[in-house]
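Asks: Quick one: the structure is below, questions incoming.
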Amino acid sequence: MCIVSNNIKFCTCMDANVDLETLNHYWVLHRYNKDKMLDVMGMPMLPSHLNSNFEGNEKAVLEALNTPGTFDKDIAFKQKDRLEVVLFNHENTTSETLYFNFEFTGKTWKAIEADCFAIMSRFDEVQQGEIKEDDTK
């Protein structure tokens, strides 16, 4: 099982020629759009929280998000912003991809249940990047 390090850095600079989903660890920031009202239908996937290390890993990511300097540059987050964090996307076959979702309260991040249909229906993607291990800590 994969364990998330508490020394992670959310990087904002990314080569425009790199497909985000080819990265092993990445993040996507979604911003609430009051004027966006799409009807999105689909089939939900099994939740990541069935992974035995999900809660501990979610706690490590949440702690990092609420620590100053976790992003490589300042981002003006807004209340209701949603952050999707994908880890171990292309690890070996013995580990599974972990998906975490967080919402900005206006002061801090909190963990929330994943709802891809709500994100597609009411949010716009505003920024994305790679997650790396921060060896400066």
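All residue names refer to the structure tokens as shown: chains lettered A, B, ... in order, residues numbered from 1 in each chain, ligands numbered from 1 in order.
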Near segment 82-90 of chain A, within 7 Å and counting only C-alpha atoms, which residues show up once chain neighbours fewer than 5 positions away are dropped, as a list in words?

Replies: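 The filter keeps Leu23, Asn24, His25, Tyr26, Trp27, Val28, Leu29, His30, Arg31, Glu96, Thr97, Leu98, Tyr99, Phe100, Asn101, Phe102, Glu103 and Phe104 of chain A.
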
Asks: Skip Met37 of chain A itself and residues of its chain fewer than 3 positions away, then list as a JSON list (two decimals) with all heavy atoms, in the first residue's frame all residues within 10 Å of it, counting only C-alpha atoms.

Replies:
[["chain", "number", "residue", "atom", "x", "y", "z"],
["A", 33, "ASN", "N", -19.13, 28.23, -10.33],
["A", 33, "ASN", "CA", -19.64, 29.16, -11.33],
["A", 33, "ASN", "C", -21.16, 29.19, -11.18],
["A", 33, "ASN", "O", -21.84, 28.26, -11.60],
["A", 33, "ASN", "CB", -19.23, 28.71, -12.73],
["A", 33, "ASN", "CG", -19.74, 29.63, -13.82],
["A", 33, "ASN", "OD1", -20.62, 30.45, -13.61],
["A", 33, "ASN", "ND2", -19.18, 29.47, -15.01],
["A", 34, "LYS", "N", -21.69, 30.25, -10.59],
["A", 34, "LYS", "CA", -23.12, 30.33, -10.31],
["A", 34, "LYS", "C", -23.97, 30.31, -11.58],
["A", 34, "LYS", "O", -25.14, 29.97, -11.54],
["A", 34, "LYS", "CB", -23.45, 31.56, -9.47],
["A", 34, "LYS", "CG", -23.18, 32.90, -10.14],
["A", 34, "LYS", "CD", -23.55, 34.05, -9.23],
["A", 34, "LYS", "CE", -23.18, 35.40, -9.79],
["A", 34, "LYS", "NZ", -23.73, 35.74, -11.05],
["A", 40, "VAL", "N", -25.40, 16.72, -15.98],
["A", 40, "VAL", "CA", -24.42, 15.69, -16.29],
["A", 40, "VAL", "C", -24.89, 14.38, -15.68],
["A", 40, "VAL", "O", -25.27, 14.32, -14.51],
["A", 40, "VAL", "CB", -23.02, 16.06, -15.73],
["A", 40, "VAL", "CG1", -22.01, 14.98, -16.04],
["A", 40, "VAL", "CG2", -22.56, 17.39, -16.31],
["A", 118, "ALA", "N", -21.28, 16.99, -9.70],
["A", 118, "ALA", "CA", -21.44, 18.38, -9.24],
["A", 118, "ALA", "C", -20.32, 19.26, -9.80],
["A", 118, "ALA", "O", -20.57, 20.39, -10.22],
["A", 118, "ALA", "CB", -21.44, 18.45, -7.72],
["A", 120, "MET", "N", -18.59, 18.82, -12.61],
["A", 120, "MET", "CA", -18.82, 19.04, -14.04],
["A", 120, "MET", "C", -20.00, 19.97, -14.28],
["A", 120, "MET", "O", -20.00, 20.74, -15.24],
["A", 120, "MET", "CB", -19.05, 17.71, -14.75],
["A", 120, "MET", "CG", -17.80, 16.87, -14.87],
["A", 120, "MET", "SD", -18.06, 15.38, -15.86],
["A", 120, "MET", "CE", -18.85, 14.31, -14.67],
["A", 121, "SER", "N", -21.00, 19.92, -13.40],
["A", 121, "SER", "CA", -22.23, 20.69, -13.60],
["A", 121, "SER", "C", -22.12, 22.14, -13.18],
["A", 121, "SER", "O", -22.73, 23.02, -13.79],
["A", 121, "SER", "CB", -23.38, 20.06, -12.81],
["A", 121, "SER", "OG", -23.62, 18.76, -13.24],
["A", 122, "ARG", "N", -21.37, 22.42, -12.10],
["A", 122, "ARG", "CA", -21.40, 23.76, -11.50],
["A", 122, "ARG", "C", -20.05, 24.43, -11.31],
["A", 122, "ARG", "O", -19.97, 25.52, -10.76],
["A", 122, "ARG", "CB", -22.09, 23.69, -10.12],
["A", 122, "ARG", "CG", -23.50, 23.15, -10.10],
["A", 122, "ARG", "CD", -24.48, 23.97, -10.92],
["A", 122, "ARG", "NE", -24.49, 25.37, -10.63],
["A", 122, "ARG", "CZ", -25.40, 26.00, -9.90],
["A", 122, "ARG", "NH1", -26.38, 25.35, -9.36],
["A", 122, "ARG", "NH2", -25.32, 27.29, -9.73],
["A", 123, "PHE", "N", -18.97, 23.79, -11.74],
["A", 123, "PHE", "CA", -17.63, 24.33, -11.50],
["A", 123, "PHE", "C", -16.85, 24.42, -12.81],
["A", 123, "PHE", "O", -17.08, 23.67, -13.74],
["A", 123, "PHE", "CB", -16.86, 23.44, -10.52],
["A", 123, "PHE", "CG", -17.36, 23.49, -9.11],
["A", 123, "PHE", "CD1", -18.50, 22.81, -8.74],
["A", 123, "PHE", "CD2", -16.69, 24.22, -8.15],
["A", 123, "PHE", "CE1", -18.98, 22.84, -7.44],
["A", 123, "PHE", "CE2", -17.15, 24.27, -6.85],
["A", 123, "PHE", "CZ", -18.30, 23.58, -6.48]]
